[in-house]
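**Q** For reference, the file work30.cif (mmCIF, N, CA and C atoms) is included below:
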```
data_upload
#
loop_
_atom_site.label_atom_id
_atom_site.label_comp_id
_atom_site.auth_asym_id
_atom_site.auth_seq_id
_atom_site.Cartn_x
_atom_site.Cartn_y
_atom_site.Cartn_z
N MET A 1 34.64 72.71 83.21
CA MET A 1 33.90 71.92 84.17
C MET A 1 32.43 72.31 84.24
N PRO A 2 31.80 72.67 83.15
CA PRO A 2 30.41 73.11 83.25
C PRO A 2 29.45 72.02 83.70
N ARG A 3 29.72 70.76 83.41
CA ARG A 3 28.82 69.69 83.83
C ARG A 3 28.79 69.52 85.34
N GLN A 4 29.83 69.92 85.98
CA GLN A 4 29.94 69.75 87.43
C GLN A 4 29.02 70.73 88.17
N ARG A 5 28.69 71.84 87.58
CA ARG A 5 27.84 72.89 88.12
C ARG A 5 28.54 73.76 89.14
N ILE A 6 29.44 73.20 89.93
CA ILE A 6 30.17 73.99 90.91
C ILE A 6 31.60 74.19 90.42
N MET A 7 32.36 75.01 91.13
CA MET A 7 33.73 75.26 90.68
C MET A 7 34.55 73.96 90.71
N PRO A 8 35.63 73.88 89.96
CA PRO A 8 36.42 72.65 89.85
C PRO A 8 37.08 72.24 91.17
N HIS A 9 37.28 70.97 91.29
CA HIS A 9 37.89 70.35 92.47
C HIS A 9 39.22 71.03 92.84
N ASP A 10 40.06 71.26 91.86
CA ASP A 10 41.38 71.85 92.14
C ASP A 10 41.28 73.30 92.62
N LEU A 11 40.22 73.99 92.25
CA LEU A 11 40.00 75.34 92.76
C LEU A 11 39.58 75.27 94.23
N PHE A 12 38.82 74.25 94.59
CA PHE A 12 38.52 74.02 96.01
C PHE A 12 39.82 73.84 96.79
N HIS A 13 40.75 73.05 96.23
CA HIS A 13 42.05 72.87 96.90
C HIS A 13 42.73 74.20 97.14
N PHE A 14 42.74 75.06 96.13
CA PHE A 14 43.38 76.36 96.28
C PHE A 14 42.75 77.14 97.44
N VAL A 15 41.43 77.19 97.48
CA VAL A 15 40.75 77.96 98.52
C VAL A 15 41.03 77.36 99.90
N VAL A 16 40.92 76.05 100.03
CA VAL A 16 41.16 75.39 101.32
C VAL A 16 42.58 75.63 101.78
N GLU A 17 43.54 75.37 100.92
CA GLU A 17 44.95 75.45 101.31
C GLU A 17 45.40 76.88 101.54
N SER A 18 44.84 77.83 100.83
CA SER A 18 45.15 79.24 101.06
C SER A 18 44.51 79.73 102.36
N THR A 19 43.26 79.38 102.56
CA THR A 19 42.52 79.85 103.73
C THR A 19 43.10 79.28 105.02
N LEU A 20 43.49 78.00 104.99
CA LEU A 20 44.00 77.36 106.20
C LEU A 20 45.52 77.35 106.28
N ALA A 21 46.18 78.02 105.35
CA ALA A 21 47.65 78.07 105.32
C ALA A 21 48.24 76.66 105.41
N MET A 22 47.92 75.85 104.40
CA MET A 22 48.40 74.46 104.33
C MET A 22 49.51 74.36 103.29
N PRO A 23 50.75 74.56 103.67
CA PRO A 23 51.84 74.56 102.69
C PRO A 23 52.14 73.19 102.09
N LEU A 24 51.64 72.12 102.68
CA LEU A 24 51.91 70.79 102.13
C LEU A 24 50.65 70.13 101.59
N GLY A 25 49.70 70.95 101.16
CA GLY A 25 48.54 70.43 100.46
C GLY A 25 48.91 70.19 99.00
N LEU A 26 47.93 70.05 98.17
CA LEU A 26 48.14 69.79 96.75
C LEU A 26 48.98 70.88 96.09
N TYR A 27 48.59 72.14 96.27
CA TYR A 27 49.31 73.23 95.61
C TYR A 27 50.72 73.41 96.16
N GLY A 28 50.92 73.13 97.43
CA GLY A 28 52.27 73.19 98.00
C GLY A 28 53.18 72.17 97.35
N HIS A 29 52.65 70.97 97.10
CA HIS A 29 53.45 69.94 96.44
C HIS A 29 53.73 70.31 94.98
N VAL A 30 52.73 70.88 94.32
CA VAL A 30 52.95 71.33 92.93
C VAL A 30 54.03 72.42 92.92
N ALA A 31 53.98 73.34 93.89
CA ALA A 31 54.98 74.40 93.98
C ALA A 31 56.38 73.83 94.22
N LEU A 32 56.42 72.66 94.86
CA LEU A 32 57.71 72.01 95.12
C LEU A 32 58.19 71.17 93.93
N GLY A 33 57.42 71.15 92.84
CA GLY A 33 57.85 70.46 91.64
C GLY A 33 57.11 69.18 91.31
N TYR A 34 56.15 68.78 92.14
CA TYR A 34 55.37 67.59 91.83
C TYR A 34 54.42 67.89 90.69
N GLU A 35 54.19 66.90 89.84
CA GLU A 35 53.29 67.07 88.71
C GLU A 35 51.87 66.74 89.12
N LEU A 36 50.93 67.49 88.61
CA LEU A 36 49.52 67.27 88.88
C LEU A 36 48.98 66.35 87.78
N ARG A 37 49.10 65.04 88.03
CA ARG A 37 48.64 64.04 87.05
C ARG A 37 47.87 62.96 87.78
N PHE A 38 46.94 62.34 87.08
CA PHE A 38 46.14 61.28 87.69
C PHE A 38 46.97 60.07 88.06
N ASP A 39 48.08 59.83 87.36
CA ASP A 39 48.90 58.66 87.68
C ASP A 39 50.04 59.02 88.63
N SER A 40 50.01 60.22 89.19
CA SER A 40 51.08 60.62 90.11
C SER A 40 50.71 60.27 91.54
N GLU A 41 51.67 60.39 92.44
CA GLU A 41 51.40 60.10 93.84
C GLU A 41 50.51 61.15 94.48
N LEU A 42 50.20 62.24 93.77
CA LEU A 42 49.27 63.24 94.29
C LEU A 42 47.83 62.85 94.01
N ASN A 43 47.62 61.81 93.22
CA ASN A 43 46.27 61.34 92.97
C ASN A 43 45.66 60.92 94.31
N PRO A 44 44.43 61.37 94.60
CA PRO A 44 43.82 61.03 95.89
C PRO A 44 43.82 59.55 96.22
N SER A 45 43.72 58.69 95.22
CA SER A 45 43.72 57.25 95.50
C SER A 45 45.09 56.74 95.91
N ARG A 46 46.13 57.56 95.70
CA ARG A 46 47.49 57.15 96.04
C ARG A 46 48.05 57.88 97.26
N ILE A 47 47.28 58.77 97.86
CA ILE A 47 47.77 59.53 98.99
C ILE A 47 47.98 58.62 100.19
N ASP A 48 49.15 58.67 100.75
CA ASP A 48 49.47 57.93 101.97
C ASP A 48 49.38 58.93 103.12
N GLY A 49 48.35 58.77 103.95
CA GLY A 49 48.13 59.68 105.06
C GLY A 49 49.28 59.75 106.04
N TYR A 50 50.13 58.72 106.05
CA TYR A 50 51.28 58.75 106.95
C TYR A 50 52.44 59.54 106.35
N LYS A 51 52.52 59.58 105.03
CA LYS A 51 53.59 60.32 104.37
C LYS A 51 53.26 61.80 104.25
N SER A 52 52.02 62.10 103.97
CA SER A 52 51.63 63.50 103.80
C SER A 52 50.28 63.74 104.46
N VAL A 53 50.32 63.96 105.73
CA VAL A 53 49.10 64.20 106.49
C VAL A 53 48.33 65.38 105.90
N GLU A 54 49.02 66.48 105.65
CA GLU A 54 48.35 67.68 105.16
C GLU A 54 47.71 67.49 103.79
N LEU A 55 48.35 66.75 102.93
CA LEU A 55 47.79 66.49 101.60
C LEU A 55 46.52 65.66 101.72
N ALA A 56 46.54 64.63 102.56
CA ALA A 56 45.37 63.80 102.76
C ALA A 56 44.25 64.58 103.46
N GLN A 57 44.62 65.42 104.41
CA GLN A 57 43.62 66.25 105.09
C GLN A 57 42.99 67.23 104.11
N SER A 58 43.80 67.82 103.26
CA SER A 58 43.30 68.76 102.27
C SER A 58 42.30 68.09 101.34
N GLU A 59 42.63 66.90 100.88
CA GLU A 59 41.72 66.17 99.99
C GLU A 59 40.41 65.88 100.70
N SER A 60 40.48 65.52 101.96
CA SER A 60 39.26 65.24 102.73
C SER A 60 38.42 66.50 102.92
N LEU A 61 39.07 67.61 103.24
CA LEU A 61 38.36 68.88 103.39
C LEU A 61 37.67 69.27 102.09
N VAL A 62 38.37 69.12 100.98
CA VAL A 62 37.80 69.46 99.68
C VAL A 62 36.58 68.60 99.39
N GLU A 63 36.68 67.30 99.64
CA GLU A 63 35.53 66.42 99.40
C GLU A 63 34.31 66.85 100.21
N CYS A 64 34.53 67.19 101.47
CA CYS A 64 33.42 67.61 102.32
C CYS A 64 32.81 68.93 101.85
N LEU A 65 33.65 69.86 101.45
CA LEU A 65 33.15 71.16 100.99
C LEU A 65 32.45 71.03 99.63
N GLN A 66 32.96 70.18 98.76
CA GLN A 66 32.29 69.95 97.48
C GLN A 66 30.91 69.34 97.71
N ALA A 67 30.85 68.35 98.58
CA ALA A 67 29.56 67.70 98.86
C ALA A 67 28.56 68.72 99.39
N GLU A 68 29.06 69.63 100.20
CA GLU A 68 28.18 70.66 100.75
C GLU A 68 27.69 71.61 99.66
N ARG A 69 28.55 71.94 98.71
CA ARG A 69 28.12 72.81 97.60
C ARG A 69 27.07 72.13 96.73
N TRP A 70 27.19 70.82 96.57
CA TRP A 70 26.21 70.09 95.78
C TRP A 70 24.91 69.89 96.54
N GLY A 71 25.01 69.57 97.83
CA GLY A 71 23.83 69.15 98.58
C GLY A 71 23.25 70.15 99.55
N GLY A 72 23.95 71.23 99.82
CA GLY A 72 23.46 72.22 100.77
C GLY A 72 24.20 72.16 102.09
N THR A 73 24.17 73.27 102.78
CA THR A 73 24.88 73.41 104.05
C THR A 73 24.29 72.50 105.11
N VAL A 74 25.16 71.90 105.90
CA VAL A 74 24.74 71.05 107.01
C VAL A 74 25.23 71.70 108.31
N PRO A 75 24.61 71.35 109.43
CA PRO A 75 25.08 71.90 110.71
C PRO A 75 26.56 71.58 110.93
N ASP A 76 27.25 72.51 111.59
CA ASP A 76 28.69 72.36 111.82
C ASP A 76 29.05 71.00 112.42
N ILE A 77 28.33 70.57 113.41
CA ILE A 77 28.66 69.32 114.10
C ILE A 77 28.58 68.14 113.15
N HIS A 78 27.60 68.12 112.26
CA HIS A 78 27.48 67.04 111.27
C HIS A 78 28.59 67.13 110.23
N TRP A 79 28.93 68.35 109.84
CA TRP A 79 30.00 68.55 108.87
C TRP A 79 31.31 68.00 109.43
N MET A 80 31.57 68.29 110.70
CA MET A 80 32.80 67.81 111.32
C MET A 80 32.80 66.28 111.45
N GLU A 81 31.65 65.69 111.71
CA GLU A 81 31.55 64.22 111.77
C GLU A 81 31.87 63.61 110.40
N ILE A 82 31.37 64.25 109.36
CA ILE A 82 31.65 63.77 108.00
C ILE A 82 33.14 63.90 107.69
N LEU A 83 33.74 65.01 108.13
CA LEU A 83 35.18 65.20 107.91
C LEU A 83 35.98 64.10 108.62
N VAL A 84 35.62 63.78 109.85
CA VAL A 84 36.31 62.71 110.58
C VAL A 84 36.20 61.40 109.81
N LEU A 85 35.02 61.07 109.32
CA LEU A 85 34.82 59.84 108.56
C LEU A 85 35.63 59.86 107.27
N THR A 86 35.61 60.97 106.57
CA THR A 86 36.35 61.10 105.31
C THR A 86 37.85 60.94 105.54
N CYS A 87 38.36 61.55 106.60
CA CYS A 87 39.78 61.40 106.92
C CYS A 87 40.11 59.96 107.30
N SER A 88 39.22 59.32 108.01
CA SER A 88 39.50 57.94 108.44
C SER A 88 39.62 57.00 107.25
N THR A 89 38.90 57.27 106.17
CA THR A 89 39.02 56.42 104.98
C THR A 89 40.40 56.56 104.34
N ARG A 90 41.09 57.66 104.62
CA ARG A 90 42.45 57.88 104.11
C ARG A 90 43.50 57.50 105.15
N GLY A 91 43.07 57.10 106.31
CA GLY A 91 44.02 56.73 107.35
C GLY A 91 44.78 57.93 107.90
N VAL A 92 44.11 59.08 107.97
CA VAL A 92 44.76 60.29 108.45
C VAL A 92 43.91 60.92 109.55
N ILE A 93 44.58 61.54 110.51
CA ILE A 93 43.84 62.24 111.55
C ILE A 93 43.18 63.47 110.94
N PRO A 94 41.99 63.80 111.37
CA PRO A 94 41.33 64.98 110.82
C PRO A 94 42.00 66.26 111.32
N PRO A 95 41.98 67.29 110.51
CA PRO A 95 42.52 68.56 110.98
C PRO A 95 41.61 69.12 112.09
N VAL A 96 42.20 69.83 113.00
CA VAL A 96 41.42 70.47 114.06
C VAL A 96 40.96 71.82 113.54
N LEU A 97 39.66 71.99 113.43
CA LEU A 97 39.09 73.23 112.93
C LEU A 97 38.17 73.84 113.98
N THR A 98 38.26 75.12 114.15
CA THR A 98 37.30 75.82 115.00
C THR A 98 36.07 76.14 114.15
N ARG A 99 34.98 76.50 114.80
CA ARG A 99 33.79 76.92 114.06
C ARG A 99 34.10 78.15 113.21
N GLU A 100 34.96 79.02 113.74
CA GLU A 100 35.35 80.22 113.01
C GLU A 100 36.12 79.84 111.73
N GLN A 101 37.03 78.87 111.83
CA GLN A 101 37.78 78.44 110.64
C GLN A 101 36.85 77.80 109.62
N LEU A 102 35.89 77.00 110.08
CA LEU A 102 34.93 76.40 109.16
C LEU A 102 34.10 77.50 108.49
N ALA A 103 33.68 78.48 109.25
CA ALA A 103 32.93 79.61 108.68
C ALA A 103 33.78 80.36 107.66
N ASN A 104 35.05 80.57 107.98
CA ASN A 104 35.96 81.24 107.04
C ASN A 104 36.11 80.43 105.76
N LEU A 105 36.22 79.10 105.89
CA LEU A 105 36.32 78.24 104.71
C LEU A 105 35.07 78.36 103.85
N ARG A 106 33.93 78.25 104.49
CA ARG A 106 32.67 78.35 103.74
C ARG A 106 32.54 79.70 103.05
N ASN A 107 32.93 80.77 103.74
CA ASN A 107 32.87 82.11 103.12
C ASN A 107 33.83 82.22 101.95
N ALA A 108 35.04 81.69 102.11
CA ALA A 108 36.03 81.75 101.03
C ALA A 108 35.55 80.93 99.83
N ILE A 109 34.94 79.77 100.08
CA ILE A 109 34.39 78.95 99.00
C ILE A 109 33.27 79.71 98.29
N GLU A 110 32.43 80.35 99.06
CA GLU A 110 31.32 81.13 98.48
C GLU A 110 31.85 82.27 97.61
N GLU A 111 32.84 82.99 98.11
CA GLU A 111 33.42 84.10 97.33
C GLU A 111 34.03 83.62 96.03
N MET A 112 34.81 82.53 96.09
CA MET A 112 35.43 82.02 94.86
C MET A 112 34.37 81.43 93.92
N SER A 113 33.35 80.81 94.50
CA SER A 113 32.27 80.25 93.68
C SER A 113 31.56 81.35 92.90
N GLN A 114 31.34 82.48 93.54
CA GLN A 114 30.70 83.60 92.85
C GLN A 114 31.56 84.09 91.69
N LYS A 115 32.86 84.15 91.88
CA LYS A 115 33.76 84.55 90.79
C LYS A 115 33.72 83.52 89.66
N TRP A 116 33.70 82.24 90.03
CA TRP A 116 33.68 81.16 89.05
C TRP A 116 32.38 81.18 88.23
N GLU A 117 31.27 81.35 88.91
CA GLU A 117 29.96 81.26 88.26
C GLU A 117 29.74 82.36 87.22
N VAL A 118 30.34 83.52 87.39
CA VAL A 118 30.14 84.60 86.41
C VAL A 118 31.24 84.63 85.34
N LEU A 119 32.17 83.70 85.45
CA LEU A 119 33.27 83.65 84.49
C LEU A 119 32.74 83.23 83.11
N PRO A 120 33.00 84.02 82.08
CA PRO A 120 32.53 83.63 80.75
C PRO A 120 33.33 82.45 80.20
N VAL A 121 32.75 81.75 79.24
CA VAL A 121 33.45 80.66 78.59
C VAL A 121 34.77 81.20 78.03
N GLY A 122 35.86 80.53 78.32
CA GLY A 122 37.17 80.96 77.87
C GLY A 122 37.81 82.01 78.78
N GLY A 123 37.09 82.43 79.83
CA GLY A 123 37.61 83.42 80.76
C GLY A 123 38.61 82.79 81.72
N SER A 124 39.19 83.61 82.56
CA SER A 124 40.16 83.09 83.52
C SER A 124 40.10 83.88 84.82
N ILE A 125 40.61 83.24 85.86
CA ILE A 125 40.76 83.86 87.16
C ILE A 125 42.24 83.74 87.50
N GLU A 126 42.87 84.85 87.83
CA GLU A 126 44.28 84.79 88.21
C GLU A 126 44.39 84.72 89.73
N ILE A 127 45.10 83.69 90.20
CA ILE A 127 45.29 83.50 91.62
C ILE A 127 46.76 83.14 91.86
N GLY A 128 47.23 83.35 93.05
CA GLY A 128 48.61 83.01 93.38
C GLY A 128 48.65 82.23 94.67
N PHE A 129 49.50 81.22 94.72
CA PHE A 129 49.65 80.41 95.92
C PHE A 129 51.09 80.56 96.40
N HIS A 130 51.24 80.91 97.64
CA HIS A 130 52.57 81.14 98.20
C HIS A 130 52.75 80.30 99.46
N PRO A 131 53.13 79.02 99.28
CA PRO A 131 53.27 78.17 100.46
C PRO A 131 54.50 78.54 101.29
N ASN A 132 54.41 78.26 102.57
CA ASN A 132 55.57 78.41 103.43
C ASN A 132 56.56 77.30 103.11
N THR A 133 57.77 77.43 103.55
CA THR A 133 58.76 76.39 103.33
C THR A 133 58.36 75.15 104.13
N ALA A 134 58.33 74.01 103.46
CA ALA A 134 57.94 72.77 104.13
C ALA A 134 58.55 71.60 103.37
N GLU A 135 58.47 70.43 103.95
CA GLU A 135 59.02 69.23 103.34
C GLU A 135 57.97 68.50 102.52
N PRO A 136 58.31 68.05 101.32
CA PRO A 136 57.36 67.34 100.46
C PRO A 136 57.21 65.87 100.88
N ILE A 137 56.35 65.17 100.15
CA ILE A 137 56.19 63.72 100.34
C ILE A 137 57.52 63.05 100.16
N ARG A 138 57.79 62.04 100.92
CA ARG A 138 59.02 61.25 100.77
C ARG A 138 58.66 59.85 100.36
#
```
Write out the structure in this file as structure tokens.

**A**
Amino acid sequence: MPRQRIMPHDLFHFVVESTLAMPLGLYGHVALGYELRFDSELNPSRIDGYKSVELAQSESLVECLQAERWGGTVPDIHWMEILVLTCSTRGVIPPVLTREQLANLRNAIEEMSQKWEVLPVGGSIEIGFHPNTAEPIR
């Protein structure tokens, strides 16, 4: 993903879902056996906010955090307004985040971004995702 300049979208998912303990985000569904494919129901364009609130919320959080990495940090209140709008386009209620949780997310994104940016071509980062027991999309 060198053209993107920032870490890959799916790595954002890992950081968001790990930091906020979201067992039914993208990685939780993959852990439950769902395939990560563009033509699968995990594709953001196919997410039904009523079937998987957490998956749709995770996608919205990732979009907001990616935009911030590309464009620069915005005040918390504006960031939350953007999150509400992003969630509404998916027909899902926005997650309730405290300022502390948003700060933790931003810090976790920054830490992973630093690891990503120094990674040599062909290098790797080993990470593990351990979702709690939860129900998948139906």

**Q** Measure the distance from atom N of Thr73 of chain A to atom C of Thr19 of chain A in Å and round it to one decimal.

**A**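 Separating atom N of Thr73 of chain A from atom C of Thr19 of chain A is a distance of 20.0 Å.
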
**Q** I would like the residues chosen by the PyMOL selection byres ((chain A and resi 25) around 7) on the shown file; could you give them as a list in words?

**A**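 What the PyMOL selection byres ((chain A and resi 25) around 7) grabs from the file is Glu17, Met22, Pro23, Leu24, Leu26, Tyr27, Gly28, His29, Val30, Glu54, Leu55, Ala56, Ser58 and Glu59 of chain A.
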
**Q** Measuring atom to atom with only N, CA and C atoms, identify which of A:Trp79, A:Ser52, A:Ser113, A:Cys87 is nearest to Ile6 of chain A.

**A**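 Closest to Ile6 of chain A, using only N, CA and C atoms: A:Ser113.
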
**Q** Rounded to one decimal place, report the atom C of Ile127 of chain A-atom N of Leu32 of chain A distance in Å.

**A**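 Atom N of Leu32 of chain A lies at a distance of 14.6 Å from atom C of Ile127 of chain A.
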
**Q** Work out how far atom C of Gln66 of chain A is from atom N of Leu97 of chain A, in Å to one decimal.

**A** 18.2 Å

**Q** Which one of A:Thr86, A:Gln114, A:Thr98, A:Ser18 sits closest to Leu65 of chain A if you count only C-alpha atoms?

**A**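 The answer is A:Thr86, which sits nearest to Leu65 of chain A.
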